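J.: What follows is a single structure, and I will ask about it in a moment.
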Amino acid sequence: MKGSRGNIKSRVVKIGSEKSWEFFITQANKQSCPVVVHFSAAWCMPSVAMNSLFEELALSYQDTLFLLVDVDELKKIARKMEVKAMPTFLMMKNGALVDKLVGANPGEIRKRINGFVQPIPLQA
């Protein structure tokens, strides 16, 4: 990597459509890849505040797919996944919900994700 930290490409995929959601979930299932989803809303400050932590976690867990879903843009997916408050974090494996955390709790989301997948140490 050259340049400053600002040049690091995000590992969080912002889902822009139901078709995109289906594509990424299907691909993750085919590869047995764990998925962590952050259901957020632009107007919800606790959700927005969790974005940088979610980016950091995505860099730490390289073998996990991190998805960001705006509930106002993709209401049908939010309803399907029974998201009723923001932020909501879902951990999924092989298409099944493994864990769900509601609320902006950085320590708890780290702990839950760590228990869900094992991190790959970053090279210094």
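We name chains A, B, ... following the order of the structure tokens; residues begin at 1 in each chain, and ligands are numbered from 1 as shown.
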If you take only C-alpha atoms and a cut-off of 9 Å, which residues of range 78-97 of chain A touch range 18-36 of chain A, and what are their nearest atom pairs and distances in Å to one decimal, in chain and number order, as a tab-separated table?
T.:
residue	atom	partner	partner_atom	distance
A:Phe89	CA	A:Val36	CA	6.8
A:Leu90	CA	A:Val36	CA	5.6
A:Met91	CA	A:Val36	CA	4.6
A:Met92	CA	A:Val35	CA	5.1
A:Lys93	CA	A:Pro34	CA	4.9
A:Asn94	CA	A:Asn29	CA	4.6
A:Gly95	CA	A:Asn29	CA	6.0
J.: Got time to write the residues from that selection, C-alpha atoms, as a PDB file, in the first residue's frame?
T.:
ATOM      1  CA  PHE A  89     -25.828  -6.423  13.091  1.00  0.00           C
ATOM      2  CA  LEU A  90     -26.485  -9.911  11.741  1.00  0.00           C
ATOM      3  CA  MET A  91     -23.975 -12.736  11.570  1.00  0.00           C
ATOM      4  CA  MET A  92     -24.838 -15.396   8.985  1.00  0.00           C
ATOM      5  CA  LYS A  93     -23.299 -18.686   7.827  1.00  0.00           C
ATOM      6  CA  ASN A  94     -24.565 -20.829   4.970  1.00  0.00           C
ATOM      7  CA  GLY A  95     -27.646 -18.622   4.651  1.00  0.00           C
TER       8      GLY A  95
END
J.: Going by DSSP on the backbone, which residues of range 15-115 of chain A come out as strand (DSSP E)? List them as a PyMOL selection string.
T.: chain A and resi 15+35-40+65-70+88-93+96-102
J.: Find the residues around Ser47 in chain A up to 10 Å (only C-alpha atoms counted), leave out those fewer than 5 positions away in its own chain, and share them as a PyMOL selection string.
T.: chain A and resi 38-42+70+85-88+103-104
J.: Would you mind reading off the distance between CA of Val71 in chain A and CA of Ile15 in chain A, one decimal, in Å?
T.: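 So the two atoms, CA of Val71 in chain A and CA of Ile15 in chain A, lie 10.3 Å apart.
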J.: Going by DSSP on the backbone, which bits of chain A are alpha helix (DSSP H)? Write them as a PyMOL selection string, please.
T.: chain A and resi 18-30+45-49+51-60+75-80+106-116
J.: Which one is closest to Ala49 in chain A: A:Ser10, A:Pro106, A:Gly16, A:Phe116? Count only C-alpha atoms.
T.: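 Checking each of A:Ser10, A:Pro106, A:Gly16, A:Phe116 against Ala49 in chain A, counting only C-alpha atoms, the winner is A:Pro106.
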J.: Restricting the calculation to only C-alpha atoms, which member of A:Met50, A:Cys44, A:Ser60, A:Lys84 is positioned closest to Asn105 in chain A?
T.: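 Of A:Met50, A:Cys44, A:Ser60, A:Lys84, the one nearest Asn105 in chain A is A:Met50, counting only C-alpha atoms.
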J.: Take CA of Asp99 in chain A and CA of Arg112 in chain A and report the distance between them in Å, one decimal.
T.: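 Those two atoms sit 8.0 Å apart.
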J.: How many Å lie between CA of Gly107 in chain A and CA of Glu73 in chain A, rounded to one decimal?
T.: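 Going from CA of Gly107 in chain A over to CA of Glu73 in chain A covers 27.9 Å.
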J.: Of the candidates A:Asn114, A:Leu68, A:Val98, A:Lys80, which shows the shortest atom-to-atom distance to Ser52 in chain A, using only C-alpha atoms?
T.: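 Of A:Asn114, A:Leu68, A:Val98, A:Lys80, the one nearest Ser52 in chain A, counting only C-alpha atoms, is A:Leu68.
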